[in-house]
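Structure file target34.csv (CSV, C-alpha atoms) follows.
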chain,number,residue,atom,x,y,z
B,111,MET,CA,12.9,-24.7,-39.1
B,112,SER,CA,9.8,-22.5,-39.6
B,113,SER,CA,10.4,-18.8,-39.9
B,114,PRO,CA,9.8,-16.9,-36.6
B,115,SER,CA,6.4,-15.3,-36.3
B,116,PRO,CA,6.3,-11.6,-35.2
B,117,VAL,CA,5.1,-12.7,-31.8
B,118,ASP,CA,6.1,-16.1,-30.5
B,119,THR,CA,2.9,-17.3,-28.9
B,120,SER,CA,4.1,-20.8,-28.3
B,121,GLU,CA,5.9,-20.1,-25.0
B,122,SER,CA,3.5,-19.0,-22.3
B,123,LEU,CA,2.4,-15.6,-23.6
B,124,ASP,CA,-1.2,-16.2,-22.7
B,125,PRO,CA,-2.3,-14.1,-19.8
B,126,LEU,CA,-1.5,-15.7,-16.4
B,127,ASP,CA,-3.9,-17.7,-14.3
B,128,LEU,CA,-4.3,-15.5,-11.3
B,129,THR,CA,-7.0,-17.6,-9.5
B,130,ARG,CA,-4.9,-18.5,-6.5
B,131,LEU,CA,-4.1,-14.9,-5.9
B,132,THR,CA,-7.5,-13.3,-6.6
B,133,GLN,CA,-9.0,-15.7,-4.1
B,134,LEU,CA,-7.1,-13.8,-1.4
B,135,LEU,CA,-8.6,-10.7,0.3
B,136,GLY,CA,-5.1,-9.4,1.0
B,137,PHE,CA,-4.3,-9.4,-2.8
B,138,ARG,CA,-7.5,-7.7,-3.8
B,139,LEU,CA,-7.1,-5.1,-1.0
B,140,THR,CA,-3.6,-4.3,-2.2
B,141,ARG,CA,-4.7,-4.1,-5.8
B,142,ALA,CA,-7.5,-1.7,-5.0
B,143,GLU,CA,-5.2,0.4,-2.8
B,144,LEU,CA,-2.6,0.7,-5.6
B,145,ARG,CA,-5.3,1.8,-8.0
B,146,ILE,CA,-6.6,4.5,-5.7
B,147,ARG,CA,-3.1,5.6,-4.8
B,148,ARG,CA,-2.4,6.1,-8.5
B,149,ILE,CA,-5.5,8.1,-9.0
B,150,PHE,CA,-4.6,10.2,-6.0
B,151,VAL,CA,-1.1,10.9,-7.3
B,152,GLU,CA,-2.6,11.9,-10.7
B,153,CYS,CA,-5.1,14.0,-9.0
B,154,VAL,CA,-2.6,16.2,-7.1
B,155,GLN,CA,0.1,15.8,-9.7
B,156,SER,CA,0.4,19.6,-10.2
B,157,PHE,CA,1.0,20.0,-6.5
B,158,ASP,CA,3.8,17.4,-6.4
B,159,LEU,CA,2.3,15.7,-3.3
B,160,LYS,CA,2.7,12.1,-2.3
B,161,PRO,CA,-0.2,10.7,-0.2
B,162,VAL,CA,1.8,10.9,3.0
B,163,ASP,CA,2.7,14.6,2.2
B,164,PHE,CA,-1.0,15.4,1.8
B,165,SER,CA,-2.0,13.5,5.0
B,166,LEU,CA,0.7,15.3,7.0
B,167,LEU,CA,-0.3,18.7,5.7
B,168,VAL,CA,-3.9,18.0,6.5
B,169,LEU,CA,-3.0,16.9,10.1
B,170,VAL,CA,-0.8,19.9,10.8
B,171,ASP,CA,-3.5,22.3,9.4
B,172,ALA,CA,-6.1,20.6,11.7
B,173,ASN,CA,-3.7,20.4,14.6
B,174,PRO,CA,-1.4,23.4,14.5
B,175,GLY,CA,1.7,23.1,16.7
B,176,THR,CA,1.6,19.3,16.7
B,177,ASN,CA,4.8,17.3,16.9
B,178,GLN,CA,6.6,14.4,15.2
B,179,ARG,CA,5.7,11.8,17.8
B,180,LEU,CA,1.9,12.4,17.5
B,181,LEU,CA,2.2,12.5,13.7
B,182,CYS,CA,4.1,9.2,13.6
B,183,GLU,CA,1.3,7.6,15.6
B,184,ALA,CA,-1.5,9.1,13.6
B,185,LEU,CA,0.0,8.3,10.3
B,186,ASP,CA,1.6,4.9,11.3
B,187,VAL,CA,5.0,6.0,9.9
B,188,SER,CA,8.3,5.4,11.6
B,189,PRO,CA,10.2,8.4,13.0
B,190,PRO,CA,13.0,8.3,10.4
B,191,ASN,CA,10.5,8.1,7.6
B,192,LEU,CA,8.4,11.0,9.0
B,193,ALA,CA,11.6,13.1,9.4
B,194,ILE,CA,12.2,12.7,5.6
B,195,VAL,CA,8.7,13.8,4.8
B,196,ILE,CA,9.0,16.8,7.1
B,197,ALA,CA,12.4,17.8,5.7
B,198,ARG,CA,10.9,17.7,2.2
B,199,LEU,CA,8.0,19.9,3.1
B,200,VAL,CA,10.1,22.3,5.1
B,201,LYS,CA,12.5,22.6,2.2
B,202,ARG,CA,9.5,23.5,-0.1
B,203,ARG,CA,8.5,26.1,2.5
B,204,LEU,CA,5.1,24.5,3.0
B,205,LEU,CA,5.8,23.6,6.6
B,206,ARG,CA,7.8,25.3,9.4
B,207,GLN,CA,9.2,24.0,12.7
B,208,VAL,CA,9.0,26.1,15.8
B,209,ARG,CA,11.0,25.2,18.9
B,210,GLY,CA,8.8,24.6,22.0
B,211,ARG,CA,8.7,27.4,24.6
B,212,GLN,CA,8.4,25.0,27.5
B,213,ASP,CA,10.4,22.1,26.2
B,214,ARG,CA,13.1,23.5,23.9
B,215,ARG,CA,13.8,20.0,22.5
B,216,MET,CA,10.3,19.8,21.1
B,217,GLN,CA,9.7,21.0,17.6
B,218,HIS,CA,6.1,22.2,16.8
B,219,LEU,CA,4.9,22.1,13.3
B,220,HIS,CA,2.9,24.7,11.5
B,221,LEU,CA,1.9,25.3,7.9
B,222,THR,CA,3.3,28.4,6.2
B,223,ALA,CA,1.0,30.7,4.2
B,224,ALA,CA,2.2,28.9,1.1
B,225,GLY,CA,1.5,25.5,2.7
B,226,LYS,CA,-2.1,26.6,3.6
B,227,ALA,CA,-2.8,27.9,0.1
B,228,LEU,CA,-1.4,24.7,-1.6
B,229,LEU,CA,-3.3,22.4,0.8
B,230,GLU,CA,-6.5,24.2,0.1
B,231,GLN,CA,-6.2,23.6,-3.6
B,232,ALA,CA,-5.0,20.0,-3.2
B,233,GLU,CA,-7.8,19.2,-0.8
B,234,GLY,CA,-10.3,20.6,-3.2
B,235,ARG,CA,-9.0,18.2,-5.9
B,236,ILE,CA,-9.1,15.2,-3.5
B,237,GLN,CA,-12.7,16.1,-2.6
B,238,GLN,CA,-13.5,15.8,-6.3
B,239,MET,CA,-11.8,12.5,-6.5
B,240,GLU,CA,-13.6,11.2,-3.4
B,241,ALA,CA,-16.9,12.3,-4.8
B,242,ALA,CA,-16.2,10.4,-8.0
B,243,LEU,CA,-15.3,7.3,-6.0
B,244,ALA,CA,-18.4,7.6,-3.8
B,245,ASN,CA,-20.4,8.0,-7.0
B,246,ALA,CA,-18.8,4.9,-8.7
B,247,LEU,CA,-19.6,2.8,-5.6
B,248,GLY,CA,-23.0,4.2,-4.8
B,249,LYS,CA,-24.1,5.3,-1.4
B,250,THR,CA,-24.9,1.8,0.1
B,251,GLN,CA,-21.8,0.1,-1.1
B,252,SER,CA,-19.7,3.1,-0.1
B,253,GLY,CA,-21.0,2.9,3.5
B,254,LEU,CA,-20.5,-0.9,3.7
B,255,LEU,CA,-17.0,-0.6,2.2
B,256,LEU,CA,-15.9,2.0,4.8
B,257,ARG,CA,-17.3,-0.1,7.6
B,258,ALA,CA,-15.4,-3.2,6.4
B,259,LEU,CA,-12.2,-1.2,5.9
B,260,ASP,CA,-12.4,0.2,9.4
B,261,LEU,CA,-12.8,-3.3,10.8
B,262,LEU,CA,-9.8,-4.5,8.9
B,263,ALA,CA,-7.7,-1.5,10.1
B,264,ARG,CA,-7.9,-2.8,13.6
B,265,VAL,CA,-8.5,-6.5,13.1
B,266,GLU,CA,-6.5,-8.9,15.4
B,267,VAL,CA,-5.6,-12.3,13.9
B,268,GLU,CA,-4.6,-15.2,16.2
B,269,LEU,CA,-2.3,-17.6,14.3
B,270,ASN,CA,-1.1,-20.8,15.7
G,135,MET,CA,10.1,28.1,37.1
G,136,SER,CA,8.3,24.9,38.0
G,137,SER,CA,10.2,21.7,37.9
G,138,PRO,CA,9.5,19.8,34.7
G,139,SER,CA,7.0,17.0,35.0
G,140,PRO,CA,8.0,13.6,33.5
G,141,VAL,CA,5.7,14.2,30.6
G,142,ASP,CA,5.0,17.7,29.5
G,143,THR,CA,1.3,17.6,28.7
G,144,SER,CA,0.9,21.3,28.1
G,145,GLU,CA,2.1,21.5,24.5
G,146,SER,CA,-0.3,19.6,22.2
G,147,LEU,CA,0.2,16.0,23.4
G,148,ASP,CA,-3.5,15.2,23.1
G,149,PRO,CA,-4.2,12.7,20.3
G,150,LEU,CA,-4.6,14.5,17.0
G,151,ASP,CA,-7.9,15.4,15.4
G,152,LEU,CA,-8.0,13.1,12.3
G,153,THR,CA,-11.5,13.9,11.1
G,154,ARG,CA,-10.4,15.5,7.9
G,155,LEU,CA,-8.4,12.4,7.0
G,156,THR,CA,-10.8,9.7,8.2
G,157,GLN,CA,-13.5,11.2,6.0
G,158,LEU,CA,-11.5,10.1,3.0
G,159,LEU,CA,-12.0,6.7,1.5
G,160,GLY,CA,-8.4,6.8,0.2
G,161,PHE,CA,-7.0,7.2,3.7
G,162,ARG,CA,-9.1,4.5,5.2
G,163,LEU,CA,-8.2,2.1,2.4
G,164,THR,CA,-4.5,2.7,2.9
G,165,ARG,CA,-4.9,2.3,6.6
G,166,ALA,CA,-6.7,-1.1,6.2
G,167,GLU,CA,-4.1,-2.2,3.6
G,168,LEU,CA,-1.2,-1.4,5.9
G,169,ARG,CA,-2.8,-3.4,8.7
G,170,ILE,CA,-3.4,-6.4,6.6
G,171,ARG,CA,0.1,-6.1,5.1
G,172,ARG,CA,1.6,-6.2,8.6
G,173,ILE,CA,-0.5,-9.3,9.5
G,174,PHE,CA,0.7,-10.9,6.3
G,175,VAL,CA,4.3,-10.2,7.0
G,176,GLU,CA,4.0,-11.6,10.6
G,177,CYS,CA,2.2,-14.6,9.3
G,178,VAL,CA,4.9,-15.6,6.9
G,179,GLN,CA,7.8,-14.2,9.0
G,180,SER,CA,9.5,-17.6,9.4
G,181,PHE,CA,9.6,-17.9,5.6
G,182,ASP,CA,11.1,-14.3,5.1
G,183,LEU,CA,8.6,-13.5,2.3
G,184,LYS,CA,7.4,-10.0,1.4
G,185,PRO,CA,3.9,-9.9,-0.1
G,186,VAL,CA,5.3,-9.4,-3.6
G,187,ASP,CA,7.6,-12.4,-3.1
G,188,PHE,CA,4.7,-14.6,-2.1
G,189,SER,CA,2.5,-13.4,-5.1
G,190,LEU,CA,5.3,-14.0,-7.5
G,191,LEU,CA,5.9,-17.6,-6.2
G,192,VAL,CA,2.2,-18.3,-6.4
G,193,LEU,CA,2.0,-17.1,-10.0
G,194,VAL,CA,5.1,-19.0,-11.1
G,195,ASP,CA,3.8,-22.1,-9.4
G,196,ALA,CA,0.4,-21.7,-11.1
G,197,ASN,CA,2.0,-20.7,-14.5
G,198,PRO,CA,5.3,-22.6,-14.8
G,199,GLY,CA,7.5,-21.2,-17.5
G,200,THR,CA,6.1,-17.7,-17.4
G,201,ASN,CA,8.2,-14.7,-18.0
G,202,GLN,CA,9.0,-11.3,-16.5
G,203,ARG,CA,6.7,-9.3,-18.9
G,204,LEU,CA,3.6,-11.3,-17.9
G,205,LEU,CA,4.5,-11.1,-14.2
G,206,CYS,CA,5.0,-7.3,-14.4
G,207,GLU,CA,1.5,-7.0,-15.9
G,208,ALA,CA,-0.2,-9.3,-13.5
G,209,LEU,CA,1.5,-7.9,-10.4
G,210,ASP,CA,1.4,-4.3,-11.6
G,211,VAL,CA,5.1,-4.0,-10.8
G,212,SER,CA,7.7,-2.1,-13.0
G,213,PRO,CA,10.3,-4.3,-14.8
G,214,PRO,CA,13.2,-3.0,-12.7
G,215,ASN,CA,11.4,-3.7,-9.5
G,216,LEU,CA,10.4,-7.2,-10.6
G,217,ALA,CA,14.0,-7.9,-11.6
G,218,ILE,CA,15.0,-7.2,-8.0
G,219,VAL,CA,12.4,-9.5,-6.6
G,220,ILE,CA,13.4,-12.3,-9.0
G,221,ALA,CA,17.1,-11.9,-8.3
G,222,ARG,CA,16.3,-12.2,-4.5
G,223,LEU,CA,14.3,-15.4,-5.0
G,224,VAL,CA,16.8,-16.9,-7.4
G,225,LYS,CA,19.6,-16.2,-4.9
G,226,ARG,CA,17.6,-18.0,-2.3
G,227,ARG,CA,17.3,-20.9,-4.7
G,228,LEU,CA,13.5,-20.8,-4.6
G,229,LEU,CA,13.2,-19.8,-8.3
G,230,ARG,CA,15.2,-20.6,-11.4
G,231,GLN,CA,15.4,-19.0,-14.8
G,232,VAL,CA,15.5,-21.2,-17.9
G,233,ARG,CA,16.5,-19.7,-21.3
G,234,GLY,CA,13.7,-20.1,-24.0
G,235,ARG,CA,14.2,-22.8,-26.5
G,236,GLN,CA,12.6,-20.8,-29.3
G,237,ASP,CA,13.5,-17.3,-28.2
G,238,ARG,CA,16.9,-17.5,-26.6
G,239,ARG,CA,16.5,-14.0,-25.2
G,240,MET,CA,13.4,-15.0,-23.2
G,241,GLN,CA,13.9,-16.2,-19.6
G,242,HIS,CA,11.3,-18.6,-18.3
G,243,LEU,CA,10.6,-18.9,-14.6
G,244,HIS,CA,10.1,-22.1,-12.6
G,245,LEU,CA,10.0,-22.9,-8.9
G,246,THR,CA,12.8,-25.1,-7.6
G,247,ALA,CA,11.8,-28.0,-5.3
G,248,ALA,CA,12.8,-25.9,-2.3
G,249,GLY,CA,10.6,-23.1,-3.7
G,250,LYS,CA,7.6,-25.4,-4.0
G,251,ALA,CA,8.1,-26.7,-0.5
G,252,LEU,CA,8.4,-23.3,1.0
G,253,LEU,CA,5.4,-21.9,-0.9
G,254,GLU,CA,3.2,-24.8,0.2
G,255,GLN,CA,3.9,-24.0,3.8
G,256,ALA,CA,3.6,-20.3,3.3
G,257,GLU,CA,0.3,-20.7,1.4
G,258,GLY,CA,-1.0,-22.8,4.2
G,259,ARG,CA,-0.3,-20.0,6.7
G,260,ILE,CA,-1.9,-17.4,4.4
G,261,GLN,CA,-5.0,-19.6,4.1
G,262,GLN,CA,-5.2,-19.5,7.9
G,263,MET,CA,-4.9,-15.7,7.9
G,264,GLU,CA,-7.5,-15.4,5.2
G,265,ALA,CA,-9.9,-17.6,7.1
G,266,ALA,CA,-9.5,-15.5,10.2
G,267,LEU,CA,-10.2,-12.3,8.2
G,268,ALA,CA,-13.2,-13.8,6.6
G,269,ASN,CA,-14.4,-14.9,10.0
G,270,ALA,CA,-13.9,-11.4,11.5
G,271,LEU,CA,-15.8,-9.8,8.6
G,272,GLY,CA,-18.6,-12.4,8.4
G,273,LYS,CA,-19.7,-13.9,5.1
G,274,THR,CA,-22.0,-11.1,3.9
G,275,GLN,CA,-19.6,-8.3,4.7
G,276,SER,CA,-16.7,-10.3,3.2
G,277,GLY,CA,-18.6,-10.7,-0.1
G,278,LEU,CA,-19.6,-7.0,-0.2
G,279,LEU,CA,-16.0,-5.9,0.6
G,280,LEU,CA,-14.5,-8.0,-2.2
G,281,ARG,CA,-17.0,-6.7,-4.7
G,282,ALA,CA,-16.3,-3.1,-3.7
G,283,LEU,CA,-12.5,-3.7,-3.8
G,284,ASP,CA,-12.7,-5.2,-7.3
G,285,LEU,CA,-14.7,-2.2,-8.5
G,286,LEU,CA,-12.1,0.2,-7.0
G,287,ALA,CA,-9.3,-1.8,-8.6
G,288,ARG,CA,-10.5,-0.9,-12.1
G,289,VAL,CA,-12.4,2.4,-11.4
G,290,GLU,CA,-11.9,5.3,-13.8
G,291,VAL,CA,-12.1,8.8,-12.4
G,292,GLU,CA,-12.7,11.8,-14.6
G,293,LEU,CA,-11.1,14.9,-13.2
G,294,ASN,CA,-11.5,18.3,-14.7

What do you get writing this file as structure tokens?
Amino acid sequence: MSSPSPVDTSESLDPLDLTRLTQLLGFRLTRAELRIRRIFVECVQSFDLKPVDFSLLVLVDANPGTNQRLLCEALDVSPPNLAIVIARLVKRRLLRQVRGRQDRRMQHLHLTAAGKALLEQAEGRIQQMEAALANALGKTQSGLLLRALDLLARVEVELN
Amino acid sequence: MSSPSPVDTSESLDPLDLTRLTQLLGFRLTRAELRIRRIFVECVQSFDLKPVDFSLLVLVDANPGTNQRLLCEALDVSPPNLAIVIARLVKRRLLRQVRGRQDRRMQHLHLTAAGKALLEQAEGRIQQMEAALANALGKTQSGLLLRALDLLARVEVELN
């Protein structure tokens, strides 16, 4: 029996053949999304914000007094999942909930002063990231990509 | 006090202003990915496969005898998460693990006959979905989108 080599290359340690996956738009879309999601997280690392936290803060800042139902729709997140995000941001004192004057069951969301300050910094970082991405793509490709993504975001597929 | 109307439209029930989010490539990419992910799941609903299950089955079929390390790299999934996926597919008897002849610590993955049969059907459905997406985008836009996604999948962003 031969002595074992440091790395046993005899048993499928070559890189995998990905052809059947990389032919799929779905796979390539997911791969790109994952990469951009990681850059996003790195980019706002010092603020400890997940993409959904950031989106929620932006929406509440742009729509003060909004409620969970509208945020669920806008962010395409289920009510229980949104409740977790809101609880996390309330606990960090970035967000506060105010009971409705007309409908006391309704909770209206507002940013706190700390939330506004943190969002302003985070949004500045994300603008930098976005500028870098737009630059990497170039203006024409950037525009075409956005148009295609928007089409995909509302595409209907009939399957038999 | 007036009687409550069935829907209280007085407290911010208008759709939200999303402008600050929809300006972001990252947001639009995530939104498109989510939509395609849902279509994917619907499409293979009868096979009870998540996207990662499907990708793993395709890779094992295309690379019989492959191992967890190579699959982690190819699918960009952490070892603990991949182990969960593998356990799920082994339990469903779609996948089997075979101990390495040369390195007994290495587990090599193969599809079972049932796994092959299920994958063939699922892949047929996904091909239909892909054809519908390509059709919705048109040939030119499809090509441009794929090129842009591949660029994003490996983009490097320098942040200061």

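Across the model, the gap from atom CA of Ala242 of chain B to atom CA of Val291 of chain G is 6.2 Å.
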
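With distances restricted to all atoms listed in the file, G:Asn294 is the closest residue to chain B from G:Ser212, G:Asn294, G:Gln231, G:Thr246.
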
Starting from chain G, keep only residues with some atom at most 7 Å from an atom of chain B, counting only C-alpha atoms, and report them as an NGL selection string.
:G and (146 or 149-152 or 155 or 158-160 or 162-167 or 169-170 or 189 or 193 or 196-197 or 199-200 or 204 or 263-264 or 266 or 271 or 275 or 279-280 or 282-284 or 286-287 or 291)

Report the distance between atom CA of Ile220 of chain G and atom CA of Lys250 of chain G in Å, rounded to one decimal place.
15.2 Å

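What separates atom CA of Leu252 of chain G from atom CA of Ala221 of chain G is a distance of 17.1 Å.
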
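With distances restricted to all atoms listed in the file, B:Val195 is the closest residue to Lys160 of chain B from B:Leu204, B:Cys182, B:Leu221, B:Val195.
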